[in-house]
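Here is the structure we will look at.
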There are 2 protein chains.
Amino acid sequence: MVFWKKLFNPSDVPTSSQASLFPGEALEMTRDSLGESRIFFSTDREIDLYELEELCDAVGWARRPLRKVKKALEHSFLVVSMWEVRGNRRRLIGFARATSDYAFNATIWDVVVHPSFQNKGLGKALMKYMIKKLRGEDISNITLFADPQVIDFYRRLGFVLDPEGIKGMFWYPD
Amino acid sequence: MVFWKKLFNPSDVPTSSQASLFPGEALEMTRDSLGESRIFFSTDREIDLYELEELCDAVGWARRPLRKVKKALEHSFLVVSMWEVRGNRRRLIGFARATSDYAFNATIWDVVVHPSFQNKGLGKALMKYMIKKLRGEDISNITLFADPQVIDFYRRLGFVLDPEGIKGMFWYPD
């Protein structure tokens, strides 16, 4: 079990060499859980596409053309990446993004945590970070489409299934 | 019952005074169904916000701050409006918009047809126009969140409910 504290307090951003290596918001982890490493979040969308592809490969997602992934990142409203920083090295261990009309609605896509870092509460921390950022932009309607095996995960975060009978639908050609 | 023909053929855009009044794509309707009026579609997002509010009022939607509506229109990927053109007058009778990452996903929001123009096949025509435009931009995953009373409407257009158990979810604060 992993604990974090004051997750979203800007004063948490450390002034150590780790912070200068990687400007982002720090997630304080207990030493026991991750040894000498620390977890950082970033909204910088300049992500190495090959590193992102490697992360998506690790969870078994179908590969997508990098040209289109690049375009999707550019045109997402919010891109959040999660990094393990250990000494002077950093590693991409999680990712999520959201499309939005910048006013009312946001839809979260491509939520991924590297298998080696799952079951440590990091997916929850990543989603809470997303929600906090979206709420900070005055987005009131945060939506997503959940695969069956992660419905309970999102439910624990406050997501509601089919509220008032509203149903997610996907278009396919006739 | 209303019929249309060659709905999405650009050559349909007429060269009459109606067309110069309103540059858009024409939906050919039988004279019987709409008298001397014609229906046009447009992707021009410079829509009179008060006219849009009036349309949304007509279907009983809750009012939203125009400042936010303006922002949402600016940041939508696609904005489609539907107009009745009669002589030298035009009237906003339908609307829909979509957010997108410009690459993989689009989500359709705020689909509305004025009550006086419902049950004429115009909602279907509006949605088909949306889908055609999104497909033309190489968007493969077209999604929406449907209220219970319109699920069958979207199903007839090829939208599938909860494919492979994927569920639409909405976030609410704890």
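Starting from 1 in every chain, residues are counted up; chains themselves are A, B, ... following the order of the structure tokens, and ligands are numbered from 1 as listed.
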Between chain B and chain A, at 7 Å or less, what are the per-residue closest atom pairs and their distances in Å? Count only C-alpha atoms, order by chain and rising residue number, and return it as a tab-separated table.
residue	atom	partner	partner_atom	distance
B:Lys68	CA	A:Ala103	CA	5.5
B:Lys71	CA	A:Ala103	CA	6.1
B:Ala72	CA	A:Asp101	CA	4.7
B:His75	CA	A:Asp101	CA	4.9
B:Ser76	CA	A:Asp101	CA	5.2
B:Thr99	CA	A:Ser100	CA	5.9
B:Ser100	CA	A:Thr99	CA	5.9
B:Asp101	CA	A:Ala72	CA	4.7
B:Tyr102	CA	A:Ala72	CA	6.0
B:Ala103	CA	A:Ala72	CA	5.2
B:Asn141	CA	A:Trp171	CA	6.9
B:Ile142	CA	A:Trp171	CA	5.3
B:Thr143	CA	A:Phe170	CA	4.5
B:Leu144	CA	A:Met169	CA	5.4
B:Phe145	CA	A:Gly168	CA	4.6
B:Ala146	CA	A:Lys167	CA	5.1
B:Asp147	CA	A:Ile166	CA	4.5
B:Pro148	CA	A:Gly165	CA	5.5
B:Gly158	CA	A:Tyr172	CA	5.7
B:Phe159	CA	A:Trp171	CA	4.1
B:Val160	CA	A:Phe170	CA	5.1
B:Leu161	CA	A:Met169	CA	4.7
B:Asp162	CA	A:Met169	CA	6.1
B:Gly165	CA	A:Pro148	CA	5.5
B:Ile166	CA	A:Asp147	CA	4.6
B:Lys167	CA	A:Ala146	CA	5.1
B:Gly168	CA	A:Gly168	CA	4.2
B:Met169	CA	A:Leu161	CA	4.7
B:Phe170	CA	A:Thr143	CA	4.5
B:Trp171	CA	A:Phe159	CA	4.1
B:Tyr172	CA	A:Gly158	CA	5.7
B:Pro173	CA	A:Gly158	CA	6.2
B:Asp174	CA	A:Gly158	CA	5.7
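Counting only C-alpha atoms and comparing B:Leu55, B:Ile39, B:Ile47, B:Leu92, the residue that lies closest to Gly24 in chain B is B:Ile39.
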Exercise. Mind checking DSSP for chain A and telling me the strand (DSSP E) residues as a ChimeraX atom specification?
Worked result: /A:25-27,38-42,78-86,89-100,105-113,141-146,159-161,167-171
Only N, CA and C atoms, please: the residues just picked out, written as a short mmCIF file (atom, residue, chain, number, x, y, z; two decimals), in the first residue's frame.
data_model
loop_
_atom_site.label_atom_id
_atom_site.label_comp_id
_atom_site.auth_asym_id
_atom_site.auth_seq_id
_atom_site.Cartn_x
_atom_site.Cartn_y
_atom_site.Cartn_z
N GLU A 25 4.56 18.62 -10.96
CA GLU A 25 4.06 18.59 -9.60
C GLU A 25 4.39 17.25 -8.98
N ALA A 26 4.92 17.28 -7.76
CA ALA A 26 5.43 16.07 -7.13
C ALA A 26 4.34 15.33 -6.37
N LEU A 27 4.39 14.05 -6.44
CA LEU A 27 3.56 13.20 -5.60
C LEU A 27 4.48 12.61 -4.55
N ARG A 38 10.86 9.18 -6.92
CA ARG A 38 9.72 10.04 -6.64
C ARG A 38 8.82 10.06 -7.88
N ILE A 39 7.57 10.37 -7.66
CA ILE A 39 6.61 10.41 -8.76
C ILE A 39 6.26 11.87 -9.04
N PHE A 40 6.31 12.23 -10.32
CA PHE A 40 5.95 13.58 -10.74
C PHE A 40 4.83 13.54 -11.76
N PHE A 41 4.00 14.58 -11.74
CA PHE A 41 3.00 14.78 -12.79
C PHE A 41 3.39 16.00 -13.62
N SER A 42 3.05 15.94 -14.89
CA SER A 42 3.32 17.07 -15.75
C SER A 42 2.17 17.28 -16.74
N LEU A 78 -6.19 18.79 -22.43
CA LEU A 78 -5.30 18.52 -21.30
C LEU A 78 -4.56 17.21 -21.56
N VAL A 79 -3.26 17.26 -21.36
CA VAL A 79 -2.42 16.06 -21.47
C VAL A 79 -1.66 15.94 -20.16
N VAL A 80 -1.83 14.82 -19.48
CA VAL A 80 -1.13 14.62 -18.20
C VAL A 80 -0.24 13.39 -18.31
N SER A 81 1.01 13.57 -17.95
CA SER A 81 1.93 12.44 -17.91
C SER A 81 2.43 12.25 -16.48
N MET A 82 2.74 11.01 -16.16
CA MET A 82 3.19 10.66 -14.81
C MET A 82 4.57 10.02 -14.96
N TRP A 83 5.50 10.47 -14.14
CA TRP A 83 6.91 10.09 -14.30
C TRP A 83 7.49 9.57 -12.99
N GLU A 84 8.31 8.55 -13.11
CA GLU A 84 9.15 8.15 -11.98
C GLU A 84 10.50 8.82 -12.17
N VAL A 85 10.94 9.57 -11.15
CA VAL A 85 12.25 10.21 -11.21
C VAL A 85 13.13 9.55 -10.16
N ARG A 86 14.24 9.02 -10.64
CA ARG A 86 15.17 8.28 -9.77
C ARG A 86 16.56 8.81 -10.09
N ARG A 89 17.51 10.28 -13.60
CA ARG A 89 16.78 9.64 -14.71
C ARG A 89 15.28 9.74 -14.48
N ARG A 90 14.55 9.88 -15.55
CA ARG A 90 13.10 9.89 -15.43
C ARG A 90 12.50 8.89 -16.42
N ARG A 91 11.35 8.38 -16.04
CA ARG A 91 10.71 7.34 -16.85
C ARG A 91 9.21 7.61 -16.90
N LEU A 92 8.65 7.55 -18.11
CA LEU A 92 7.20 7.77 -18.28
C LEU A 92 6.47 6.52 -17.79
N ILE A 93 5.64 6.67 -16.76
CA ILE A 93 4.95 5.50 -16.19
C ILE A 93 3.43 5.62 -16.25
N GLY A 94 2.93 6.78 -16.69
CA GLY A 94 1.48 6.92 -16.79
C GLY A 94 1.11 8.07 -17.70
N PHE A 95 -0.13 8.03 -18.17
CA PHE A 95 -0.56 9.02 -19.16
C PHE A 95 -2.09 9.08 -19.17
N ALA A 96 -2.61 10.26 -19.44
CA ALA A 96 -4.05 10.41 -19.72
C ALA A 96 -4.22 11.74 -20.44
N ARG A 97 -5.31 11.87 -21.19
CA ARG A 97 -5.57 13.15 -21.86
C ARG A 97 -7.08 13.37 -21.94
N ALA A 98 -7.45 14.60 -22.23
CA ALA A 98 -8.87 14.94 -22.33
C ALA A 98 -9.11 15.87 -23.50
N THR A 99 -10.20 15.62 -24.23
CA THR A 99 -10.70 16.59 -25.19
C THR A 99 -11.73 17.46 -24.48
N SER A 100 -11.98 18.64 -25.04
CA SER A 100 -12.92 19.54 -24.36
C SER A 100 -13.36 20.66 -25.30
N ASN A 105 -17.78 20.80 -21.28
CA ASN A 105 -17.55 19.35 -21.27
C ASN A 105 -16.08 18.99 -21.46
N ALA A 106 -15.68 17.91 -20.81
CA ALA A 106 -14.39 17.29 -21.12
C ALA A 106 -14.60 15.78 -21.16
N THR A 107 -13.88 15.13 -22.04
CA THR A 107 -13.93 13.67 -22.13
C THR A 107 -12.51 13.13 -22.01
N ILE A 108 -12.33 12.21 -21.06
CA ILE A 108 -11.00 11.67 -20.77
C ILE A 108 -10.75 10.43 -21.62
N TRP A 109 -9.57 10.38 -22.23
CA TRP A 109 -9.18 9.26 -23.10
C TRP A 109 -7.80 8.74 -22.70
N ASP A 110 -7.54 7.50 -23.11
CA ASP A 110 -6.17 6.95 -23.08
C ASP A 110 -5.54 6.98 -21.69
N VAL A 111 -6.27 6.52 -20.70
CA VAL A 111 -5.71 6.45 -19.34
C VAL A 111 -4.87 5.18 -19.23
N VAL A 112 -3.60 5.34 -18.90
CA VAL A 112 -2.71 4.18 -18.84
C VAL A 112 -1.68 4.34 -17.72
N VAL A 113 -1.45 3.25 -17.00
CA VAL A 113 -0.39 3.18 -15.98
C VAL A 113 0.45 1.94 -16.30
N ASN A 141 -18.62 19.26 -16.59
CA ASN A 141 -19.10 17.95 -17.04
C ASN A 141 -17.91 17.10 -17.51
N ILE A 142 -17.41 16.24 -16.62
CA ILE A 142 -16.26 15.40 -16.96
C ILE A 142 -16.77 14.00 -17.27
N THR A 143 -16.47 13.53 -18.47
CA THR A 143 -17.01 12.26 -18.94
C THR A 143 -15.89 11.34 -19.39
N LEU A 144 -16.23 10.07 -19.52
CA LEU A 144 -15.30 9.11 -20.12
C LEU A 144 -16.08 7.88 -20.56
N PHE A 145 -15.43 7.05 -21.33
CA PHE A 145 -16.00 5.77 -21.73
C PHE A 145 -15.12 4.68 -21.11
N ALA A 146 -15.72 3.89 -20.22
CA ALA A 146 -14.93 2.94 -19.42
C ALA A 146 -15.11 1.51 -19.92
N PHE A 159 -17.06 8.73 -10.45
CA PHE A 159 -17.76 8.67 -11.74
C PHE A 159 -19.03 7.81 -11.61
N VAL A 160 -20.08 8.27 -12.27
CA VAL A 160 -21.37 7.61 -12.18
C VAL A 160 -21.71 6.99 -13.53
N LEU A 161 -22.24 5.78 -13.47
CA LEU A 161 -22.61 5.03 -14.67
C LEU A 161 -24.01 5.47 -15.12
N LYS A 167 -26.84 7.30 -21.89
CA LYS A 167 -26.05 6.16 -22.34
C LYS A 167 -24.93 6.60 -23.29
N GLY A 168 -23.76 6.01 -23.09
CA GLY A 168 -22.68 6.21 -24.05
C GLY A 168 -22.95 5.42 -25.31
N MET A 169 -22.79 6.07 -26.47
CA MET A 169 -23.02 5.39 -27.75
C MET A 169 -21.86 5.66 -28.70
N PHE A 170 -21.59 4.67 -29.53
CA PHE A 170 -20.50 4.75 -30.51
C PHE A 170 -21.05 4.52 -31.89
N TRP A 171 -20.58 5.32 -32.82
CA TRP A 171 -21.06 5.20 -34.18
C TRP A 171 -20.22 4.20 -34.98
#
Exercise. When you draw a straight line from CA of Asp48 in chain A to CA of Gly121 in chain A, how long is it in Å?
Worked result: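 Value for the CA of Asp48 in chain A-CA of Gly121 in chain A distance: 24.7 Å.
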Exercise. Where in chain B does DSSP assign helix (DSSP H, G or I), given as a ChimeraX atom specification?
Worked result: /B:10-12,17-21,31-34,49-58,66-75,115-117,122-136,148-156,163-165
